[in-house]
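Trainee: Structure supplied as model19.cif; contents: mmCIF, C-alpha atoms.
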```
data_my_file
#
loop_
_atom_site.label_atom_id
_atom_site.label_comp_id
_atom_site.auth_asym_id
_atom_site.auth_seq_id
_atom_site.Cartn_x
_atom_site.Cartn_y
_atom_site.Cartn_z
CA MET A 716 31.62 -11.96 -6.16
CA ALA A 717 31.75 -12.79 -2.48
CA ALA A 718 31.88 -9.94 0.01
CA ALA A 719 32.19 -10.34 3.74
CA ARG A 720 29.61 -8.60 5.89
CA ALA A 721 31.05 -5.43 7.39
CA SER A 722 31.17 -6.15 11.10
CA GLY A 723 33.30 -5.18 14.06
CA GLY A 724 33.33 -8.70 15.43
CA ALA A 725 34.43 -12.07 14.14
CA PRO A 726 33.76 -12.66 10.41
CA LEU A 727 30.40 -14.37 9.97
CA GLU A 728 29.39 -16.54 7.05
CA GLU A 729 29.50 -14.40 3.93
CA GLU A 730 26.36 -13.15 2.27
CA ASP A 731 26.49 -13.36 -1.50
CA ALA A 732 23.48 -13.84 -3.71
CA SER A 733 25.56 -14.77 -6.75
CA GLU A 734 26.91 -17.77 -4.87
CA LEU A 735 23.59 -18.26 -3.10
CA LYS A 736 25.07 -17.71 0.32
CA LEU A 737 22.45 -15.97 2.39
CA GLY A 738 24.25 -15.95 5.71
CA GLU A 739 23.45 -18.08 8.72
CA ASP A 740 20.49 -15.94 9.77
CA PHE A 741 18.45 -17.03 6.76
CA VAL A 742 19.41 -20.71 6.60
CA LYS A 743 16.02 -21.78 7.97
CA ALA A 744 14.03 -18.90 6.56
CA LYS A 745 11.42 -19.13 3.85
CA CYS A 746 11.79 -16.57 1.01
CA LEU A 747 8.71 -14.74 -0.19
CA MET A 748 7.95 -13.11 -3.54
CA ASN A 749 6.66 -9.55 -3.56
CA ALA A 750 3.34 -10.86 -4.90
CA GLU A 751 3.04 -13.30 -1.99
CA VAL A 752 3.91 -10.63 0.56
CA SER A 753 1.36 -8.32 -1.02
CA LEU A 754 -1.44 -10.80 -0.31
CA VAL A 755 -0.26 -11.31 3.29
CA LEU A 756 0.23 -7.63 4.09
CA GLN A 757 -3.11 -6.64 2.62
CA ARG A 758 -4.83 -9.19 4.92
CA LYS A 759 -2.69 -8.06 7.87
CA TYR A 760 -3.64 -4.46 7.23
CA GLU A 761 -7.32 -5.31 7.51
CA GLN A 762 -6.66 -7.42 10.65
CA LEU A 763 -4.67 -4.63 12.30
CA GLN A 764 -7.50 -2.20 11.77
CA GLN A 765 -9.80 -4.61 13.61
CA LEU A 766 -7.35 -5.43 16.39
CA ALA A 767 -6.46 -1.85 17.30
CA ASP A 768 -8.07 -0.24 20.34
CA ASP A 769 -8.01 3.02 18.53
CA PRO A 770 -9.63 2.87 15.07
CA SER A 771 -7.39 5.65 13.84
CA ALA A 772 -4.24 3.82 15.00
CA GLN A 773 -1.42 4.27 12.57
CA ILE A 774 0.53 1.42 11.05
CA SER A 775 4.30 1.48 11.30
CA GLN A 776 6.48 3.12 8.68
CA VAL A 777 8.17 -0.19 7.89
CA PHE A 778 4.80 -1.87 7.29
CA GLU A 779 3.51 1.01 5.19
CA LYS A 780 6.64 1.27 3.06
CA SER A 781 6.65 -2.49 2.56
CA LEU A 782 2.97 -2.54 1.59
CA GLN A 783 3.49 0.29 -0.90
CA TYR A 784 6.53 -1.47 -2.33
CA VAL A 785 4.92 -4.87 -2.86
CA ARG A 786 1.80 -3.30 -4.35
CA ARG A 787 4.01 -1.47 -6.83
CA PHE A 788 6.42 -4.27 -7.63
CA SER A 789 4.24 -7.39 -7.72
CA ARG A 790 4.15 -9.09 -11.10
CA TYR A 791 1.02 -11.08 -10.32
CA GLN A 792 -2.21 -10.03 -8.57
CA ASN A 793 -4.29 -13.19 -8.67
CA PRO A 794 -3.61 -15.50 -5.66
CA ASP A 795 -3.97 -18.64 -7.82
CA ALA A 796 -1.48 -17.29 -10.34
CA VAL A 797 0.95 -16.55 -7.52
CA LYS A 798 0.62 -20.13 -6.25
CA GLN A 799 1.18 -21.51 -9.74
CA VAL A 800 4.29 -19.39 -10.20
CA ARG A 801 5.78 -20.81 -7.02
CA GLU A 802 4.90 -24.35 -8.11
CA VAL A 803 6.47 -23.93 -11.56
CA LEU A 804 9.64 -22.41 -10.18
CA THR A 805 10.02 -24.83 -7.28
CA ARG A 806 9.66 -27.81 -9.65
CA ASN A 807 13.02 -26.89 -11.13
CA GLN A 808 15.21 -27.62 -8.11
CA LEU A 809 15.82 -23.94 -7.54
CA HIS A 810 16.69 -22.56 -4.14
CA GLU A 811 13.91 -20.54 -2.49
CA PHE A 812 15.93 -17.38 -3.00
CA GLU A 813 16.28 -18.01 -6.75
CA VAL A 814 12.57 -18.82 -7.02
CA CYS A 815 11.67 -15.47 -5.51
CA VAL A 816 14.10 -13.32 -7.46
CA ILE A 817 12.80 -14.85 -10.70
CA GLY A 818 9.21 -14.46 -9.52
CA ASN A 819 9.91 -10.82 -8.71
CA LEU A 820 11.79 -9.84 -11.84
CA CYS A 821 10.07 -12.09 -14.44
CA PRO A 822 12.97 -12.43 -16.88
CA GLU A 823 11.72 -12.98 -20.41
CA THR A 824 14.77 -14.55 -22.00
CA VAL A 825 17.33 -17.13 -20.96
CA GLU A 826 20.06 -14.45 -21.14
CA GLU A 827 18.09 -12.20 -18.82
CA ALA A 828 17.48 -14.99 -16.31
CA LYS A 829 21.16 -15.93 -16.23
CA ALA A 830 22.26 -12.30 -15.88
CA LEU A 831 19.82 -11.52 -13.06
CA VAL A 832 20.22 -14.78 -11.14
CA PRO A 833 23.64 -16.16 -12.07
CA SER A 834 23.46 -18.89 -9.42
CA ILE A 835 20.86 -20.89 -11.39
CA THR A 836 23.54 -22.14 -13.76
CA LYS A 837 25.86 -23.25 -10.98
CA ARG A 838 26.30 -26.95 -10.25
CA GLY A 839 24.72 -27.84 -13.57
CA ARG A 840 21.18 -27.69 -12.30
CA MET A 841 19.62 -25.87 -15.22
CA ASP A 842 20.67 -25.81 -18.83
CA ASP A 843 19.40 -23.26 -21.35
CA GLU A 844 16.58 -25.53 -22.47
CA LYS A 845 15.26 -26.04 -18.95
CA ILE A 846 15.44 -22.30 -18.28
CA GLU A 847 13.60 -21.58 -21.52
CA THR A 848 10.79 -24.00 -20.60
CA MET A 849 10.49 -22.48 -17.14
CA LEU A 850 10.25 -18.93 -18.51
CA THR A 851 7.65 -19.99 -21.06
CA ASP A 852 5.56 -21.53 -18.27
CA LEU A 853 5.81 -18.27 -16.31
CA ALA A 854 4.76 -16.23 -19.32
CA THR A 855 1.74 -18.49 -19.81
CA ILE A 856 0.64 -18.02 -16.22
CA LYS A 857 0.95 -14.25 -16.69
CA LYS A 858 -1.05 -14.33 -19.88
CA PHE A 859 -3.97 -16.15 -18.33
CA GLU A 860 -3.91 -14.39 -14.98
CA MET B 114 14.25 -10.04 -0.39
CA PHE B 115 11.36 -10.81 1.91
CA PHE B 116 11.91 -13.69 4.33
CA GLU B 117 9.73 -15.32 6.95
CA VAL B 118 11.77 -16.10 10.07
CA GLU B 119 11.14 -17.59 13.49
CA MET B 120 11.58 -15.27 16.43
CA ARG B 121 11.09 -15.37 20.17
CA ARG B 122 10.25 -12.47 22.43
CA SER B 123 9.20 -11.91 26.02
CA VAL B 124 5.85 -10.18 26.09
CA MET B 125 4.32 -8.47 29.09
CA VAL B 126 0.59 -8.41 29.73
CA GLU B 127 -0.58 -5.72 32.15
CA PRO B 128 -2.77 -6.66 35.11
CA HIS B 129 -5.78 -4.84 33.71
CA GLU B 130 -5.52 -6.83 30.49
CA LEU B 131 -5.61 -10.18 32.26
CA GLY B 132 -9.02 -11.66 31.96
CA GLY B 133 -10.60 -14.25 29.78
CA THR B 134 -8.35 -16.26 27.48
CA LEU B 135 -9.45 -14.38 24.39
CA GLN B 136 -8.89 -10.98 25.95
CA MET B 137 -5.45 -12.00 27.16
CA GLN B 138 -4.52 -13.43 23.77
CA ARG B 139 -5.49 -10.21 22.06
CA ALA B 140 -3.56 -8.15 24.62
CA MET B 141 -0.50 -10.33 24.15
CA LEU B 142 -0.71 -10.15 20.37
CA ARG B 143 -1.15 -6.38 20.44
CA ARG B 144 1.82 -6.02 22.76
CA LEU B 145 3.97 -8.36 20.67
CA ILE B 146 3.19 -6.45 17.48
CA LYS B 147 3.96 -3.15 19.20
CA ASP B 148 7.26 -4.41 20.61
CA VAL B 149 8.40 -5.82 17.27
CA GLU B 150 7.42 -2.58 15.53
CA LYS B 151 9.38 -0.51 18.02
CA GLU B 152 12.52 -2.47 17.17
CA VAL B 153 12.08 -1.45 13.52
CA GLY B 154 14.81 -3.87 12.46
CA SER B 155 17.90 -5.81 13.44
CA ASP B 156 21.31 -6.68 12.14
CA GLU B 157 20.35 -10.32 11.66
CA TYR B 158 17.02 -10.00 9.90
CA GLY B 159 16.88 -6.54 8.35
CA PHE B 160 13.60 -4.67 8.70
CA HIS B 161 10.84 -6.32 10.75
CA VAL B 162 7.73 -5.97 8.61
CA ALA B 163 4.89 -7.99 10.15
CA VAL B 164 4.17 -10.71 12.69
CA THR B 165 2.39 -13.52 10.84
CA THR B 166 1.69 -16.49 13.12
CA VAL B 167 2.15 -17.29 16.80
CA ASN B 168 3.68 -20.74 17.13
CA GLY B 169 3.73 -21.16 20.87
CA VAL B 170 3.41 -19.37 24.19
CA SER B 171 5.11 -20.44 27.37
CA GLY B 172 6.03 -19.01 30.71
CA GLY B 173 3.52 -16.83 32.44
CA LYS B 174 5.79 -15.47 35.16
CA ILE B 175 4.16 -12.90 37.39
CA GLN B 176 6.20 -9.78 37.98
CA SER B 177 6.26 -9.02 41.69
CA GLY B 178 5.23 -5.45 42.34
CA THR B 179 3.34 -4.71 39.13
CA GLY B 180 1.34 -7.90 38.90
CA ALA B 181 1.96 -8.01 35.17
CA VAL B 182 2.58 -11.39 33.57
CA VAL B 183 5.50 -12.10 31.25
CA PHE B 184 5.14 -14.74 28.55
CA SER B 185 7.70 -16.13 26.13
CA VAL B 186 6.23 -16.11 22.64
CA ASP B 187 7.51 -18.02 19.58
CA PHE B 188 6.25 -16.51 16.36
CA ASN B 189 6.90 -16.05 12.66
CA CYS B 190 7.74 -12.64 11.27
CA ILE B 191 8.08 -11.34 7.73
CA VAL B 192 11.30 -9.37 7.37
CA PHE B 193 12.95 -7.54 4.51
CA LYS B 194 16.68 -7.52 3.97
CA LEU B 195 18.72 -6.69 0.89
CA ILE B 196 21.31 -9.35 0.15
CA GLU B 197 24.62 -8.49 -1.48
CA ASP B 198 24.52 -9.17 -5.24
CA GLU B 199 20.72 -9.41 -5.24
CA VAL B 200 19.02 -7.62 -8.14
CA VAL B 201 16.00 -5.56 -7.07
CA GLU B 202 13.62 -3.04 -8.59
CA ALA B 203 13.42 0.31 -6.87
CA GLU B 204 12.12 3.85 -7.25
CA VAL B 205 14.45 6.83 -7.65
CA VAL B 206 13.99 9.42 -4.92
CA SER B 207 16.69 11.97 -5.68
CA THR B 208 19.35 12.65 -8.28
CA GLY B 209 22.50 14.69 -7.82
CA GLN B 210 25.97 15.22 -9.13
CA GLN B 211 27.45 12.28 -7.23
CA GLY B 212 24.82 9.77 -8.30
CA PHE B 213 21.28 9.01 -7.24
CA PHE B 214 19.27 7.52 -4.39
CA VAL B 215 16.51 4.92 -4.63
CA SER B 216 14.03 3.69 -2.08
CA CYS B 217 13.37 -0.02 -1.84
CA GLY B 218 10.56 -0.98 0.52
CA PRO B 219 11.54 -0.03 4.07
CA TYR B 220 15.04 0.92 2.88
CA ALA B 221 14.55 4.65 2.52
CA SER B 222 17.71 5.16 0.53
CA MET B 223 20.19 3.06 -1.40
CA PHE B 224 22.91 5.04 -3.09
CA ILE B 225 24.17 4.46 -6.61
CA HIS B 226 27.41 6.35 -7.16
CA ARG B 227 28.11 7.92 -10.53
CA LYS B 228 31.00 5.47 -10.97
CA GLU B 229 28.41 2.69 -10.80
CA MET B 230 26.50 3.98 -13.83
CA THR B 231 28.89 3.94 -16.75
CA GLY B 232 27.65 5.76 -19.79
CA PHE B 233 25.36 8.16 -17.97
CA SER B 234 25.96 11.90 -17.75
CA PHE B 235 24.46 14.38 -15.31
CA GLN B 236 22.08 17.10 -16.47
CA PRO B 237 21.26 19.53 -13.70
CA GLY B 238 17.74 20.90 -13.71
CA PRO B 239 16.31 24.28 -12.62
CA SER B 240 15.78 22.67 -9.21
CA PRO B 241 16.87 19.31 -7.71
CA GLU B 242 13.72 17.38 -8.63
CA PHE B 243 14.48 18.10 -12.28
CA ASN B 244 18.05 16.81 -12.14
CA GLU B 245 18.60 13.96 -14.56
CA TRP B 246 21.13 11.33 -15.49
CA ARG B 247 21.00 10.45 -19.16
CA ASP B 248 22.61 7.92 -21.39
CA SER B 249 21.93 7.27 -25.07
CA GLY B 250 18.70 5.42 -24.40
CA SER B 251 17.32 6.26 -21.00
CA VAL B 252 16.75 8.92 -18.37
CA ILE B 253 16.97 8.72 -14.60
CA HIS B 254 15.04 11.27 -12.55
CA PRO B 255 12.96 11.19 -9.38
CA LYS B 256 10.14 8.63 -9.71
CA SER B 257 11.99 6.61 -12.39
CA LEU B 258 12.01 2.87 -11.79
CA VAL B 259 15.35 1.10 -11.96
CA ARG B 260 16.78 -2.34 -11.61
CA VAL B 261 19.92 -2.32 -9.47
CA ARG B 262 22.31 -4.85 -8.02
CA VAL B 263 23.08 -4.53 -4.30
CA LYS B 264 26.78 -3.89 -3.92
CA ALA B 265 27.41 -3.28 -0.23
CA HIS B 266 25.30 -3.40 2.91
CA SER B 267 26.27 -1.93 6.27
CA ILE B 268 25.44 -3.29 9.70
CA TRP B 269 22.33 -2.01 11.49
CA ASP B 270 22.56 1.56 12.71
CA PRO B 271 20.67 1.47 16.02
CA LYS B 272 20.50 5.26 16.32
CA ARG B 273 19.08 6.00 12.89
CA LYS B 274 17.29 2.62 12.79
CA THR B 275 18.38 1.84 9.29
CA PHE B 276 21.12 0.41 7.09
CA ASN B 277 23.43 2.10 4.60
CA VAL B 278 23.32 0.38 1.25
CA ALA B 279 25.12 0.97 -2.04
CA GLY B 280 24.05 -0.37 -5.40
CA THR B 281 25.24 -0.49 -8.97
CA LEU B 282 23.71 -0.07 -12.39
CA ASN B 283 26.72 -1.61 -14.09
CA GLY B 284 25.85 -5.07 -15.31
CA ASP B 285 23.82 -6.87 -17.90
CA LEU B 286 20.16 -6.05 -17.93
CA LEU B 287 20.33 -3.53 -15.12
CA GLY B 288 19.08 0.00 -15.62
CA VAL B 289 15.89 1.92 -16.15
CA VAL B 290 12.68 -0.10 -16.16
CA VAL B 291 9.66 0.86 -18.16
CA ASP B 292 6.54 0.90 -15.99
CA GLU B 293 4.29 -2.02 -16.90
CA THR B 294 1.31 0.29 -17.18
CA GLY B 295 2.82 1.51 -20.40
CA LYS B 296 4.04 4.87 -19.18
CA ASP B 297 7.67 5.39 -20.06
CA ASP B 298 10.15 7.36 -18.02
CA GLU B 299 9.89 10.32 -20.34
CA ASP B 300 6.60 11.37 -18.69
#
```
Represent the structure from my file as structure tokens, please.
Mentor:
Amino acid sequence: MAAARASGGAPLEEEDASELKLGEDFVKAKCLMNAEVSLVLQRKYEQLQQLADDPSAQISQVFEKSLQYVRRFSRYQNPDAVKQVREVLTRNQLHEFEVCVIGNLCPETVEEAKALVPSITKRGRMDDEKIETMLTDLATIKKFE
Amino acid sequence: MFFEVEMRRSVMVEPHELGGTLQMQRAMLRRLIKDVEKEVGSDEYGFHVAVTTVNGVSGGKIQSGTGAVVFSVDFNCIVFKLIEDEVVEAEVVSTGQQGFFVSCGPYASMFIHRKEMTGFSFQPGPSPEFNEWRDSGSVIHPKSLVRVRVKAHSIWDPKRKTFNVAGTLNGDLLGVVVDETGKDDED
């Protein structure tokens, strides 16, 4: 269901994941899965330690909370597996946002995928069979991670 | 959802940091990272998590008086913003009579009102960390993992440097998640 962003000014483009409207701020943005962010932030963490004047320099709360979160909620640890997941999902004409929600939540059944990411069925892009194949591919990647 | 967005900022390099190219680059990068961190977040992009790549530097205007140099830097930044209707996994931080709070990455608290969890009933504990919400199959208490749908998202609060977000557990396949390590929420 669409919901306008609460704002004192003029109404901006609505944000609504179910209709895949991300708002104008994210039109050009790339979406990232938790697993992808985990790899980046881990590298960044090591870089920041090296870059800091003060070796005991603290990292920001936002960085720390984000790092903790992606470590906890990544479905894949292996960088090759993460790459494969993106390839499999992107092959299916899914929007970046849909790719990442599926990559984050790893639905196991067609029903689950449609309930969690209702937009994938819109505009006739994916029928049940296509969704099933995609989920099976994801499960295989997980199995051989 | 994590996004990678393009941003532009003016970055100041102090006179004592001006030197060789490498030294100046490091000073500029350090300053950029610090400035972005100090912002914490914004209405447009949510929480600013990490600068990833520098795409271009231009300018180099000398500030009269201080002798510092100001550059205009184009860079990529990973941000985190919850999108309305997005389904996310989160950890419960507190449970009370009105509902419960979860933390989701840099969002310290998203509130799920008791009206957004049909079928659950509140069981107060001897102290707040033992409060629980129970339905026929699952239990919600601090440290439980849940899958919620984002219902409403406020604009950026510049004083508290955060957003106010509300979520819901009502919906297919939302609810308590069993930890993949095999531990269930009864532990």
Trainee: Report as a ChimeraX atom specification the full result of the PyMOL selection byres ((chain B) within 8 of (chain A)) when it is applied to this structure.
Mentor: /B:114-119,139,143,150,153,157-158,160-163,196-202,217-219,266-268,285-286
Trainee: When the PyMOL selection byres ((chain A and resi 803-810) around 9) is applied to the file above, which residues end up in the set, as a ChimeraX atom specification?
Mentor: /A:735,798-802,811-815,817-818,835,840-841,845-846,849,852-853
Trainee: Which polymer residues have any atom within 9 Å of an atom of Glu860 in chain A, counting all atoms listed in the file, with same-chain residues fewer than 2 positions away left out, as a list of chain:residue names?
Mentor: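 Here the qualifying residues turn out to be A:Tyr791, A:Gln792, A:Asn793, A:Asp795, A:Ala796, A:Thr855, A:Ile856, A:Lys857, A:Lys858.
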Trainee: Could you tell me how far CA of Asn189 in chain B lies from CA of Gln773 in chain A, in Å and to one decimal?
Mentor: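 According to the coordinates, CA of Asn189 in chain B and CA of Gln773 in chain A are separated by 22.0 Å.
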